[in-house]
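query.pdb, holding PDB, C-alpha atoms:
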```pdb
MODEL        1
ATOM      1  CA  MET A   1       3.434 -24.901 -12.576
ATOM      2  CA  ARG A   2       5.009 -21.429 -12.389
ATOM      3  CA  ASN A   3       4.006 -20.616 -15.937
ATOM      4  CA  GLU A   4       0.479 -21.873 -15.263
ATOM      5  CA  PHE A   5       0.068 -19.521 -12.282
ATOM      6  CA  MET A   6       1.544 -16.594 -14.219
ATOM      7  CA  ALA A   7      -0.743 -17.374 -17.153
ATOM      8  CA  ARG A   8      -3.735 -17.029 -14.801
ATOM      9  CA  ALA A   9      -2.472 -13.653 -13.499
ATOM     10  CA  ILE A  10      -2.058 -12.468 -17.110
ATOM     11  CA  GLN A  11      -5.533 -13.752 -18.001
ATOM     12  CA  LEU A  12      -6.989 -11.711 -15.102
ATOM     13  CA  SER A  13      -5.167  -8.590 -16.358
ATOM     14  CA  ILE A  14      -6.524  -9.035 -19.903
ATOM     15  CA  GLU A  15     -10.074  -9.845 -18.756
ATOM     16  CA  ASN A  16     -10.003  -6.722 -16.575
ATOM     17  CA  VAL A  17      -9.385  -4.500 -19.615
ATOM     18  CA  ARG A  18     -11.915  -6.367 -21.793
ATOM     19  CA  SER A  19     -14.650  -6.099 -19.147
ATOM     20  CA  GLY A  20     -13.871  -2.429 -18.415
ATOM     21  CA  ARG A  21     -13.627  -3.150 -14.696
ATOM     22  CA  GLY A  22     -10.233  -1.496 -14.227
ATOM     23  CA  GLY A  23      -6.579  -1.160 -15.182
ATOM     24  CA  PRO A  24      -4.546  -3.865 -16.985
ATOM     25  CA  PHE A  25      -3.338  -5.710 -13.895
ATOM     26  CA  GLY A  26      -3.996  -9.152 -12.360
ATOM     27  CA  ALA A  27      -2.426 -11.203  -9.574
ATOM     28  CA  VAL A  28      -2.816 -14.574  -7.868
ATOM     29  CA  ILE A  29      -1.475 -15.975  -4.610
ATOM     30  CA  VAL A  30      -0.389 -19.610  -4.433
ATOM     31  CA  ALA A  31       0.018 -21.860  -1.395
ATOM     32  CA  GLY A  32       0.693 -25.596  -1.384
ATOM     33  CA  GLY A  33       0.668 -25.754  -5.183
ATOM     34  CA  ARG A  34      -2.762 -24.189  -5.659
ATOM     35  CA  ILE A  35      -4.212 -20.713  -6.147
ATOM     36  CA  VAL A  36      -5.763 -19.532  -2.862
ATOM     37  CA  ALA A  37      -6.689 -15.991  -3.936
ATOM     38  CA  GLU A  38      -6.960 -13.792  -7.001
ATOM     39  CA  GLY A  39      -7.082 -10.046  -7.542
ATOM     40  CA  ALA A  40      -7.526  -7.544 -10.350
ATOM     41  CA  ASN A  41      -7.304  -3.761 -10.403
ATOM     42  CA  ARG A  42     -10.537  -2.147  -9.107
ATOM     43  CA  VAL A  43      -9.381   1.462  -8.491
ATOM     44  CA  THR A  44     -11.940   3.229 -10.646
ATOM     45  CA  LEU A  45     -14.799   0.746 -10.126
ATOM     46  CA  SER A  46     -14.464   0.808  -6.300
ATOM     47  CA  ASN A  47     -13.319   4.445  -5.958
ATOM     48  CA  ASP A  48     -10.403   2.992  -4.024
ATOM     49  CA  PRO A  49      -6.865   4.080  -4.994
ATOM     50  CA  THR A  50      -5.460   1.175  -2.956
ATOM     51  CA  ALA A  51      -7.376  -1.486  -4.946
ATOM     52  CA  HIS A  52      -4.411  -2.652  -7.034
ATOM     53  CA  ALA A  53      -4.424  -6.288  -8.171
ATOM     54  CA  GLU A  54      -1.692  -7.291  -5.701
ATOM     55  CA  MET A  55      -3.442  -5.583  -2.765
ATOM     56  CA  GLU A  56      -6.743  -7.236  -3.631
ATOM     57  CA  ALA A  57      -5.019 -10.635  -3.878
ATOM     58  CA  ILE A  58      -3.182 -10.176  -0.552
ATOM     59  CA  ARG A  59      -6.346  -9.113   1.260
ATOM     60  CA  ALA A  60      -8.319 -12.013  -0.252
ATOM     61  CA  ALA A  61      -5.583 -14.539   0.663
ATOM     62  CA  CYS A  62      -5.488 -13.270   4.263
ATOM     63  CA  ARG A  63      -9.267 -13.600   4.526
ATOM     64  CA  GLU A  64      -9.116 -17.096   2.988
ATOM     65  CA  LEU A  65      -6.298 -18.294   5.263
ATOM     66  CA  GLY A  66      -7.392 -16.337   8.375
ATOM     67  CA  ASN A  67      -3.899 -14.898   8.822
ATOM     68  CA  PHE A  68      -2.143 -11.567   8.224
ATOM     69  CA  GLU A  69       1.082 -13.444   7.458
ATOM     70  CA  LEU A  70       1.623 -15.154   4.078
ATOM     71  CA  SER A  71       5.210 -16.437   4.376
ATOM     72  CA  ALA A  72       4.170 -19.864   3.020
ATOM     73  CA  CYS A  73       2.688 -18.222  -0.099
ATOM     74  CA  GLU A  74       4.018 -16.920  -3.435
ATOM     75  CA  MET A  75       2.572 -14.132  -5.584
ATOM     76  CA  TYR A  76       2.281 -14.171  -9.377
ATOM     77  CA  THR A  77       1.488 -10.722 -10.750
ATOM     78  CA  SER A  78       1.130  -9.569 -14.355
ATOM     79  CA  CYS A  79       3.357  -6.518 -13.704
ATOM     80  CA  GLU A  80       6.191  -5.605 -11.334
ATOM     81  CA  PRO A  81       4.574  -4.286  -8.119
ATOM     82  CA  CYS A  82       4.410  -0.527  -7.496
ATOM     83  CA  PRO A  83       5.898   0.787  -4.205
ATOM     84  CA  MET A  84       2.534   0.552  -2.405
ATOM     85  CA  CYS A  85       2.109  -3.111  -3.376
ATOM     86  CA  LEU A  86       5.770  -3.840  -2.691
ATOM     87  CA  GLY A  87       5.323  -2.444   0.811
ATOM     88  CA  ALA A  88       2.266  -4.668   1.310
ATOM     89  CA  ILE A  89       4.279  -7.689   0.078
ATOM     90  CA  TYR A  90       6.838  -7.049   2.840
ATOM     91  CA  TRP A  91       4.185  -6.502   5.520
ATOM     92  CA  ALA A  92       2.513  -9.785   4.432
ATOM     93  CA  HIS A  93       5.936 -11.514   4.459
ATOM     94  CA  LEU A  94       5.292 -13.291   1.149
ATOM     95  CA  GLY A  95       7.829 -16.013   0.297
ATOM     96  CA  ALA A  96       8.473 -14.969  -3.326
ATOM     97  CA  VAL A  97       7.104 -12.767  -6.111
ATOM     98  CA  TYR A  98       6.990 -13.548  -9.852
ATOM     99  CA  PHE A  99       6.141 -10.632 -12.141
ATOM    100  CA  GLY A 100       5.465 -10.322 -15.896
ATOM    101  CA  THR A 101       6.054  -6.817 -17.227
ATOM    102  CA  SER A 102       8.421  -4.334 -15.569
ATOM    103  CA  ALA A 103       7.836  -1.006 -13.802
ATOM    104  CA  ALA A 104       9.333   0.623 -16.932
ATOM    105  CA  ASP A 105       6.726  -1.148 -19.113
ATOM    106  CA  ALA A 106       3.985   0.195 -16.803
ATOM    107  CA  ALA A 107       5.418   3.718 -17.051
ATOM    108  CA  GLN A 108       5.368   3.460 -20.851
ATOM    109  CA  SER A 109       1.651   2.658 -20.627
ATOM    110  CA  GLY A 110       1.013   5.788 -18.556
ATOM    111  CA  PHE A 111       1.186   4.389 -15.007
ATOM    112  CA  ASP A 112       3.064   6.416 -12.422
ATOM    113  CA  ASP A 113       5.042   3.637 -10.720
ATOM    114  CA  ALA A 114       8.486   4.853 -11.796
ATOM    115  CA  ARG A 115       7.814   8.382 -10.492
ATOM    116  CA  ILE A 116       6.626   7.035  -7.120
ATOM    117  CA  TYR A 117       9.782   4.894  -6.848
ATOM    118  CA  ARG A 118      11.847   8.074  -7.360
ATOM    119  CA  GLU A 119       9.790  10.066  -4.825
ATOM    120  CA  ILE A 120      10.102   7.410  -2.107
ATOM    121  CA  ALA A 121      13.896   7.627  -2.268
ATOM    122  CA  LEU A 122      13.785  11.362  -1.403
ATOM    123  CA  ARG A 123      13.755  12.874   2.100
ATOM    124  CA  PRO A 124      10.223  13.957   3.157
ATOM    125  CA  PRO A 125      10.863  17.723   2.706
ATOM    126  CA  ASP A 126      12.178  17.127  -0.839
ATOM    127  CA  ARG A 127       9.108  15.278  -2.164
ATOM    128  CA  ALA A 128       6.546  16.627  -4.672
ATOM    129  CA  ILE A 129       3.767  16.162  -2.081
ATOM    130  CA  PRO A 130       4.719  18.393   0.892
ATOM    131  CA  MET A 131       5.473  16.265   3.979
ATOM    132  CA  VAL A 132       5.954  18.115   7.240
ATOM    133  CA  SER A 133       6.787  16.894  10.760
ATOM    134  CA  LEU A 134       4.466  18.222  13.469
ATOM    135  CA  MET A 135       4.037  17.571  17.236
ATOM    136  CA  ARG A 136       6.571  14.707  17.338
ATOM    137  CA  GLU A 137       6.924  14.845  21.130
ATOM    138  CA  GLU A 138       3.168  14.412  21.690
ATOM    139  CA  ALA A 139       2.989  11.660  19.034
ATOM    140  CA  LEU A 140       5.715   9.615  20.766
ATOM    141  CA  GLU A 141       3.221   8.869  23.588
ATOM    142  CA  ALA A 142       1.569   6.063  21.531
ATOM    143  CA  PHE A 143       4.942   4.303  21.133
ATOM    144  CA  ARG A 144       5.721   4.718  24.853
ATOM    145  CA  LEU A 145       2.358   3.159  25.695
ATOM    146  CA  TRP A 146       2.885   0.354  23.129
ATOM    147  CA  GLN A 147       6.140  -0.632  24.897
ATOM    148  CA  THR A 148       4.199  -1.240  28.133
ATOM    149  CA  VAL A 149       1.584  -3.624  26.637
ATOM    150  CA  PRO A 150       2.240  -7.232  27.742
ATOM    151  CA  GLY A 151       1.702 -10.106  25.250
ATOM    152  CA  LYS A 152       0.801  -7.882  22.309
ATOM    153  CA  THR A 153       0.468  -9.394  18.812
ATOM    154  CA  LEU A 154       3.364  -8.278  16.620
ATOM    155  CA  TYR A 155       2.950  -8.102  12.829
TER     156      TYR A 155
ATOM    157  CA  MET B 156      -6.140  24.084  13.086
ATOM    158  CA  ARG B 157      -3.160  21.958  12.035
ATOM    159  CA  ASN B 158      -2.337  21.100  15.638
ATOM    160  CA  GLU B 159      -5.980  20.260  16.297
ATOM    161  CA  PHE B 160      -6.072  17.761  13.398
ATOM    162  CA  MET B 161      -2.747  16.242  14.438
ATOM    163  CA  ALA B 162      -3.970  16.003  18.032
ATOM    164  CA  ARG B 163      -6.921  13.909  16.781
ATOM    165  CA  ALA B 164      -4.593  11.578  14.815
ATOM    166  CA  ILE B 165      -2.443  11.153  17.933
ATOM    167  CA  GLN B 166      -5.549  10.518  20.062
ATOM    168  CA  LEU B 167      -6.587   7.734  17.630
ATOM    169  CA  SER B 168      -3.107   6.170  17.893
ATOM    170  CA  ILE B 169      -3.213   6.189  21.706
ATOM    171  CA  GLU B 170      -6.804   4.896  21.889
ATOM    172  CA  ASN B 171      -5.847   2.075  19.517
ATOM    173  CA  VAL B 172      -3.193   0.818  21.956
ATOM    174  CA  ARG B 173      -5.412   1.284  25.017
ATOM    175  CA  SER B 174      -8.305  -0.645  23.415
ATOM    176  CA  GLY B 175      -6.007  -3.411  22.120
ATOM    177  CA  ARG B 176      -7.443  -3.042  18.615
ATOM    178  CA  GLY B 177      -4.063  -2.712  16.866
ATOM    179  CA  GLY B 178      -0.717  -0.976  16.536
ATOM    180  CA  PRO B 179       0.069   2.553  17.820
ATOM    181  CA  PHE B 180      -0.985   4.441  14.700
ATOM    182  CA  GLY B 181      -3.814   6.856  13.825
ATOM    183  CA  ALA B 182      -4.576   9.144  10.871
ATOM    184  CA  VAL B 183      -7.216  11.635   9.744
ATOM    185  CA  ILE B 184      -7.982  13.204   6.371
ATOM    186  CA  VAL B 185      -9.083  16.826   6.193
ATOM    187  CA  ALA B 186     -10.951  18.648   3.425
ATOM    188  CA  GLY B 187     -12.370  22.174   3.562
ATOM    189  CA  GLY B 188     -11.228  22.667   7.152
ATOM    190  CA  ARG B 189     -12.944  19.583   8.594
ATOM    191  CA  ILE B 190     -12.092  15.916   9.185
ATOM    192  CA  VAL B 191     -13.796  13.792   6.495
ATOM    193  CA  ALA B 192     -12.306  10.416   7.460
ATOM    194  CA  GLU B 193     -10.347   8.720  10.233
ATOM    195  CA  GLY B 194      -8.306   5.532  10.404
ATOM    196  CA  ALA B 195      -6.415   3.460  12.931
ATOM    197  CA  ASN B 196      -4.244   0.380  12.541
ATOM    198  CA  ARG B 197      -6.341  -2.804  12.271
ATOM    199  CA  VAL B 198      -3.774  -5.325  10.936
ATOM    200  CA  THR B 199      -4.132  -7.957  13.639
ATOM    201  CA  LEU B 200      -7.844  -7.406  14.348
ATOM    202  CA  SER B 201      -8.821  -7.651  10.645
ATOM    203  CA  ASN B 202      -6.140 -10.174   9.582
ATOM    204  CA  ASP B 203      -5.255  -7.599   6.922
ATOM    205  CA  PRO B 204      -1.588  -6.571   6.555
ATOM    206  CA  THR B 205      -2.685  -3.563   4.464
ATOM    207  CA  ALA B 206      -4.913  -2.124   7.225
ATOM    208  CA  HIS B 207      -2.509   0.618   8.330
ATOM    209  CA  ALA B 208      -4.047   3.808   9.749
ATOM    210  CA  GLU B 209      -3.248   5.845   6.606
ATOM    211  CA  MET B 210      -4.699   3.191   4.266
ATOM    212  CA  GLU B 211      -7.870   2.951   6.356
ATOM    213  CA  ALA B 212      -8.206   6.760   6.336
ATOM    214  CA  ILE B 213      -7.639   7.003   2.559
ATOM    215  CA  ARG B 214     -10.151   4.269   1.808
ATOM    216  CA  ALA B 215     -12.720   5.841   4.157
ATOM    217  CA  ALA B 216     -12.208   9.318   2.638
ATOM    218  CA  CYS B 217     -12.665   7.944  -0.887
ATOM    219  CA  ARG B 218     -15.887   6.214   0.167
ATOM    220  CA  GLU B 219     -17.081   9.408   1.891
ATOM    221  CA  LEU B 220     -16.250  11.670  -1.068
ATOM    222  CA  GLY B 221     -17.124   9.132  -3.822
ATOM    223  CA  ASN B 222     -13.775   9.716  -5.527
ATOM    224  CA  PHE B 223     -10.459   7.855  -5.874
ATOM    225  CA  GLU B 224      -8.649  11.219  -6.043
ATOM    226  CA  LEU B 225      -7.991  13.278  -2.895
ATOM    227  CA  SER B 226      -5.953  16.213  -4.227
ATOM    228  CA  ALA B 227      -8.111  18.691  -2.291
ATOM    229  CA  CYS B 228      -7.382  16.842   0.973
ATOM    230  CA  GLU B 229      -4.568  16.750   3.529
ATOM    231  CA  MET B 230      -3.513  13.859   5.758
ATOM    232  CA  TYR B 231      -2.501  14.102   9.416
ATOM    233  CA  THR B 232      -0.870  10.902  10.636
ATOM    234  CA  SER B 233       0.650  10.093  14.027
ATOM    235  CA  CYS B 234       3.771   8.616  12.361
ATOM    236  CA  GLU B 235       5.696   9.096   9.107
ATOM    237  CA  PRO B 236       4.049   6.809   6.507
ATOM    238  CA  CYS B 237       5.677   3.478   5.617
ATOM    239  CA  PRO B 238       6.443   2.825   1.902
ATOM    240  CA  MET B 239       3.073   1.102   1.356
ATOM    241  CA  CYS B 240       1.143   4.056   2.761
ATOM    242  CA  LEU B 241       3.414   6.533   0.976
ATOM    243  CA  GLY B 242       2.624   4.786  -2.305
ATOM    244  CA  ALA B 243      -1.098   5.007  -1.539
ATOM    245  CA  ILE B 244      -0.694   8.733  -0.749
ATOM    246  CA  TYR B 245       0.732   9.269  -4.256
ATOM    247  CA  TRP B 246      -1.961   7.151  -5.945
ATOM    248  CA  ALA B 247      -4.617   9.152  -4.048
ATOM    249  CA  HIS B 248      -2.851  12.421  -5.044
ATOM    250  CA  LEU B 249      -3.178  13.900  -1.547
ATOM    251  CA  GLY B 250      -2.327  17.592  -1.336
ATOM    252  CA  ALA B 251      -0.075  17.435   1.754
ATOM    253  CA  VAL B 252       0.923  15.128   4.609
ATOM    254  CA  TYR B 253       1.668  16.099   8.232
ATOM    255  CA  PHE B 254       3.285  13.411  10.381
ATOM    256  CA  GLY B 255       4.154  13.152  14.104
ATOM    257  CA  THR B 256       6.896  10.617  14.817
ATOM    258  CA  SER B 257       9.523   9.590  12.232
ATOM    259  CA  ALA B 258      10.210   6.292  10.455
ATOM    260  CA  ALA B 259      13.276   6.016  12.730
ATOM    261  CA  ASP B 260      11.033   6.369  15.810
ATOM    262  CA  ALA B 261       8.818   3.562  14.425
ATOM    263  CA  ALA B 262      11.864   1.351  13.832
ATOM    264  CA  GLN B 263      12.964   1.925  17.444
ATOM    265  CA  SER B 264       9.543   0.639  18.548
ATOM    266  CA  GLY B 265      10.003  -2.563  16.514
ATOM    267  CA  PHE B 266       8.222  -1.628  13.263
ATOM    268  CA  ASP B 267       9.917  -2.618  10.015
ATOM    269  CA  ASP B 268       9.447   0.608   8.030
ATOM    270  CA  ALA B 269      13.137   1.483   7.764
ATOM    271  CA  ARG B 270      14.011  -1.989   6.440
ATOM    272  CA  ILE B 271      11.254  -1.792   3.789
ATOM    273  CA  TYR B 272      12.522   1.646   2.705
ATOM    274  CA  ARG B 273      15.971   0.086   2.197
ATOM    275  CA  GLU B 274      14.556  -2.925   0.291
ATOM    276  CA  ILE B 275      12.504  -0.763  -2.115
ATOM    277  CA  ALA B 276      15.647   1.052  -3.222
ATOM    278  CA  LEU B 277      17.223  -2.255  -4.368
ATOM    279  CA  ARG B 278      16.815  -3.895  -7.784
ATOM    280  CA  PRO B 279      14.265  -6.774  -7.719
ATOM    281  CA  PRO B 280      16.906  -9.564  -7.866
ATOM    282  CA  ASP B 281      18.801  -8.023  -4.922
ATOM    283  CA  ARG B 282      15.874  -7.938  -2.490
ATOM    284  CA  ALA B 283      15.397 -10.179   0.587
ATOM    285  CA  ILE B 284      12.113 -11.510  -0.875
ATOM    286  CA  PRO B 285      13.026 -13.200  -4.203
ATOM    287  CA  MET B 286      11.491 -11.279  -7.136
ATOM    288  CA  VAL B 287      11.741 -12.916 -10.538
ATOM    289  CA  SER B 288      10.586 -11.797 -13.992
ATOM    290  CA  LEU B 289       8.545 -14.397 -15.894
ATOM    291  CA  MET B 290       6.619 -14.433 -19.228
ATOM    292  CA  ARG B 291       7.091 -10.704 -19.891
ATOM    293  CA  GLU B 292       6.168 -10.997 -23.561
ATOM    294  CA  GLU B 293       2.806 -12.650 -22.802
ATOM    295  CA  ALA B 294       2.124 -10.163 -19.995
ATOM    296  CA  LEU B 295       2.601  -7.176 -22.328
ATOM    297  CA  GLU B 296      -0.670  -8.121 -24.057
ATOM    298  CA  ALA B 297      -2.759  -6.416 -21.316
ATOM    299  CA  PHE B 298      -0.899  -3.118 -21.889
ATOM    300  CA  ARG B 299      -1.327  -3.417 -25.696
ATOM    301  CA  LEU B 300      -5.055  -3.943 -25.200
ATOM    302  CA  TRP B 301      -5.245  -1.044 -22.697
ATOM    303  CA  GLN B 302      -3.792   1.323 -25.328
ATOM    304  CA  THR B 303      -6.720   0.515 -27.667
ATOM    305  CA  VAL B 304      -9.510   1.311 -25.145
ATOM    306  CA  PRO B 305     -11.242   4.588 -26.026
ATOM    307  CA  GLY B 306     -12.333   6.993 -23.245
ATOM    308  CA  LYS B 307     -10.912   4.924 -20.413
ATOM    309  CA  THR B 308     -10.796   6.365 -16.879
ATOM    310  CA  LEU B 309      -7.208   7.153 -15.882
ATOM    311  CA  TYR B 310      -6.178   7.135 -12.226
TER     312      TYR B 310
ENDMDL
END
```

Encoded form using structure tokens:
Amino acid sequence: MRNEFMARAIQLSIENVRSGRGGPFGAVIVAGGRIVAEGANRVTLSNDPTAHAEMEAIRAACRELGNFELSACEMYTSCEPCPMCLGAIYWAHLGAVYFGTSAADAAQSGFDDARIYREIALRPPDRAIPMVSLMREEALEAFRLWQTVPGKTLY
Amino acid sequence: MRNEFMARAIQLSIENVRSGRGGPFGAVIVAGGRIVAEGANRVTLSNDPTAHAEMEAIRAACRELGNFELSACEMYTSCEPCPMCLGAIYWAHLGAVYFGTSAADAAQSGFDDARIYREIALRPPDRAIPMVSLMREEALEAFRLWQTVPGKTLY
């Protein structure tokens, strides 16, 4: 079954290049032994830098299942997730991830994943994109208020 | 001007808690001295674990500007971006990021950012969510095909 699901993710990645709809990436999400959502890279077609295959699949699975939590699901993705998609995988609490090619393979094909992994490990002031703290005291007010909300939905 | 833009991001974060629409996070994107897009956390309202304030602001700015590239823009966000949003910031090529509270402040308020930062630094087999390589050779086919496409749009 695992190879069948991965084969579908790979097929999506290949079809995406053939059709010209986006980058060479596909992903599926599986629950209860069946595919509940699929995604392929749509960055250039949708003018959306967040429209990676894994993000599209996570968002589609959440719509399909009516839940922002996918702990009973597994992801099959044609390539090792980039840091953005990896972050989304944690926020969605996926149960497991199977990936085809590696982040190094993606880098060899001209995708920036490896550089972003390096940047994330740096302190904010040391990153290539300047990141500056501003008005922290004022910004803390939202957290103070959040602590007072009774029965809030955690995620 | 910087404090004015940050004040708006903070206002969005506070309004989001007061209205019960989501977590205590807001962000704006600025180009040419004016706000071109705003975002607030909508994870629980939209059943979308990717709907962080920064992601919503990036996606809105790209729609507004008709471009997946925001290098002429700056982001003001009420809290230091989580790894998912940081990845999106790199993919969108934002020019600079100003943030209010820190990832440590977010962790103190019960948000998992710090844990995800630690997980991303680990090798895939060492992470809390199992991540397993599968069918790499077959998956490489999409990258081989991608190399043969003439005039493709890079992102």

| request: Give me the result of the ChimeraX specification (/A :<6) & /B on this file, residue by residue, as number ranges by chain. | output: B: 165, 168-169, 179, 202-205, 214, 222-223, 233, 238-239, 242-243, 246-247, 251-256, 284-291, 294, 297

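The spacing separating CA of Pro305 (chain B) from CA of Arg8 (chain A) amounts to 25.5 Å.
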
* Mind telling me what the PyMOL selection byres ((chain A and resi 38) around 6) catches here, as a ChimeraX atom specification? -> /A:27-28,37,39,57

How would chain B read as a compact mmCIF listing (two decimals) with C-alpha atoms, keeping the file's coordinate frame after a least-squares superposition onto chain A over every Cα atom, matched in order?
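What ended up in result.txt:
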```
# COMPACT_ATOMS: atom_id res chain seq x y z
CA MET B 156 3.43 -24.88 -12.58
CA ARG B 157 5.01 -21.42 -12.38
CA ASN B 158 4.01 -20.61 -15.95
CA GLU B 159 0.49 -21.87 -15.27
CA PHE B 160 0.07 -19.52 -12.28
CA MET B 161 1.54 -16.60 -14.21
CA ALA B 162 -0.74 -17.38 -17.16
CA ARG B 163 -3.73 -17.03 -14.80
CA ALA B 164 -2.47 -13.65 -13.50
CA ILE B 165 -2.05 -12.47 -17.10
CA GLN B 166 -5.52 -13.77 -18.00
CA LEU B 167 -6.99 -11.72 -15.10
CA SER B 168 -5.16 -8.60 -16.35
CA ILE B 169 -6.50 -9.04 -19.90
CA GLU B 170 -10.06 -9.84 -18.75
CA ASN B 171 -10.00 -6.72 -16.57
CA VAL B 172 -9.38 -4.51 -19.61
CA ARG B 173 -11.90 -6.36 -21.79
CA SER B 174 -14.64 -6.09 -19.14
CA GLY B 175 -13.86 -2.42 -18.42
CA ARG B 176 -13.63 -3.14 -14.69
CA GLY B 177 -10.22 -1.48 -14.21
CA GLY B 178 -6.58 -1.16 -15.18
CA PRO B 179 -4.54 -3.86 -16.99
CA PHE B 180 -3.34 -5.71 -13.89
CA GLY B 181 -4.01 -9.15 -12.37
CA ALA B 182 -2.42 -11.20 -9.57
CA VAL B 183 -2.82 -14.58 -7.88
CA ILE B 184 -1.47 -15.98 -4.61
CA VAL B 185 -0.38 -19.60 -4.43
CA ALA B 186 0.03 -21.85 -1.39
CA GLY B 187 0.71 -25.59 -1.39
CA GLY B 188 0.67 -25.76 -5.19
CA ARG B 189 -2.77 -24.19 -5.67
CA ILE B 190 -4.21 -20.70 -6.15
CA VAL B 191 -5.77 -19.53 -2.85
CA ALA B 192 -6.69 -15.99 -3.92
CA GLU B 193 -6.96 -13.80 -7.01
CA GLY B 194 -7.08 -10.05 -7.54
CA ALA B 195 -7.53 -7.55 -10.33
CA ASN B 196 -7.31 -3.77 -10.39
CA ARG B 197 -10.53 -2.14 -9.13
CA VAL B 198 -9.39 1.46 -8.48
CA THR B 199 -11.95 3.24 -10.64
CA LEU B 200 -14.81 0.76 -10.13
CA SER B 201 -14.47 0.82 -6.31
CA ASN B 202 -13.33 4.46 -5.95
CA ASP B 203 -10.41 3.01 -4.00
CA PRO B 204 -6.87 4.09 -4.98
CA THR B 205 -5.46 1.17 -2.95
CA ALA B 206 -7.37 -1.48 -4.94
CA HIS B 207 -4.42 -2.65 -7.04
CA ALA B 208 -4.43 -6.29 -8.17
CA GLU B 209 -1.69 -7.29 -5.69
CA MET B 210 -3.44 -5.58 -2.75
CA GLU B 211 -6.75 -7.24 -3.63
CA ALA B 212 -5.01 -10.64 -3.87
CA ILE B 213 -3.18 -10.18 -0.54
CA ARG B 214 -6.33 -9.10 1.26
CA ALA B 215 -8.31 -12.01 -0.24
CA ALA B 216 -5.58 -14.54 0.68
CA CYS B 217 -5.49 -13.27 4.27
CA ARG B 218 -9.27 -13.59 4.52
CA GLU B 219 -9.11 -17.09 2.99
CA LEU B 220 -6.29 -18.28 5.27
CA GLY B 221 -7.39 -16.32 8.39
CA ASN B 222 -3.89 -14.90 8.82
CA PHE B 223 -2.14 -11.55 8.22
CA GLU B 224 1.09 -13.44 7.45
CA LEU B 225 1.64 -15.14 4.08
CA SER B 226 5.22 -16.43 4.36
CA ALA B 227 4.18 -19.85 3.02
CA CYS B 228 2.70 -18.22 -0.10
CA GLU B 229 4.01 -16.92 -3.43
CA MET B 230 2.58 -14.13 -5.59
CA TYR B 231 2.28 -14.17 -9.38
CA THR B 232 1.48 -10.72 -10.75
CA SER B 233 1.12 -9.57 -14.36
CA CYS B 234 3.35 -6.53 -13.69
CA GLU B 235 6.20 -5.61 -11.32
CA PRO B 236 4.57 -4.28 -8.11
CA CYS B 237 4.40 -0.52 -7.50
CA PRO B 238 5.90 0.79 -4.20
CA MET B 239 2.53 0.54 -2.40
CA CYS B 240 2.10 -3.11 -3.37
CA LEU B 241 5.77 -3.84 -2.69
CA GLY B 242 5.33 -2.45 0.82
CA ALA B 243 2.27 -4.66 1.32
CA ILE B 244 4.27 -7.68 0.08
CA TYR B 245 6.84 -7.05 2.84
CA TRP B 246 4.18 -6.50 5.53
CA ALA B 247 2.51 -9.77 4.44
CA HIS B 248 5.94 -11.52 4.47
CA LEU B 249 5.29 -13.28 1.15
CA GLY B 250 7.82 -15.98 0.31
CA ALA B 251 8.48 -14.97 -3.32
CA VAL B 252 7.11 -12.77 -6.11
CA TYR B 253 6.99 -13.56 -9.85
CA PHE B 254 6.14 -10.65 -12.14
CA GLY B 255 5.45 -10.34 -15.89
CA THR B 256 6.04 -6.82 -17.23
CA SER B 257 8.42 -4.33 -15.58
CA ALA B 258 7.82 -1.00 -13.82
CA ALA B 259 9.33 0.61 -16.94
CA ASP B 260 6.73 -1.16 -19.12
CA ALA B 261 3.98 0.19 -16.81
CA ALA B 262 5.41 3.72 -17.05
CA GLN B 263 5.37 3.45 -20.86
CA SER B 264 1.65 2.64 -20.63
CA GLY B 265 1.01 5.79 -18.57
CA PHE B 266 1.18 4.39 -15.02
CA ASP B 267 3.08 6.43 -12.44
CA ASP B 268 5.06 3.64 -10.73
CA ALA B 269 8.50 4.86 -11.80
CA ARG B 270 7.81 8.39 -10.51
CA ILE B 271 6.63 7.04 -7.12
CA TYR B 272 9.78 4.89 -6.86
CA ARG B 273 11.84 8.07 -7.38
CA GLU B 274 9.79 10.06 -4.83
CA ILE B 275 10.11 7.39 -2.10
CA ALA B 276 13.89 7.61 -2.28
CA LEU B 277 13.78 11.35 -1.41
CA ARG B 278 13.74 12.86 2.09
CA PRO B 279 10.21 13.95 3.16
CA PRO B 280 10.87 17.71 2.69
CA ASP B 281 12.18 17.11 -0.85
CA ARG B 282 9.12 15.27 -2.17
CA ALA B 283 6.55 16.62 -4.68
CA ILE B 284 3.77 16.17 -2.08
CA PRO B 285 4.70 18.40 0.90
CA MET B 286 5.48 16.26 3.97
CA VAL B 287 5.95 18.10 7.24
CA SER B 288 6.78 16.89 10.76
CA LEU B 289 4.45 18.21 13.47
CA MET B 290 4.03 17.56 17.24
CA ARG B 291 6.57 14.71 17.34
CA GLU B 292 6.91 14.83 21.12
CA GLU B 293 3.16 14.40 21.69
CA ALA B 294 2.99 11.66 19.04
CA LEU B 295 5.71 9.61 20.78
CA GLU B 296 3.22 8.87 23.58
CA ALA B 297 1.56 6.06 21.54
CA PHE B 298 4.94 4.30 21.14
CA ARG B 299 5.71 4.70 24.88
CA LEU B 300 2.35 3.15 25.70
CA TRP B 301 2.88 0.35 23.14
CA GLN B 302 6.14 -0.64 24.89
CA THR B 303 4.19 -1.26 28.14
CA VAL B 304 1.58 -3.64 26.62
CA PRO B 305 2.23 -7.23 27.70
CA GLY B 306 1.71 -10.11 25.22
CA LYS B 307 0.80 -7.89 22.30
CA THR B 308 0.47 -9.39 18.80
CA LEU B 309 3.37 -8.28 16.60
CA TYR B 310 2.95 -8.08 12.83
```
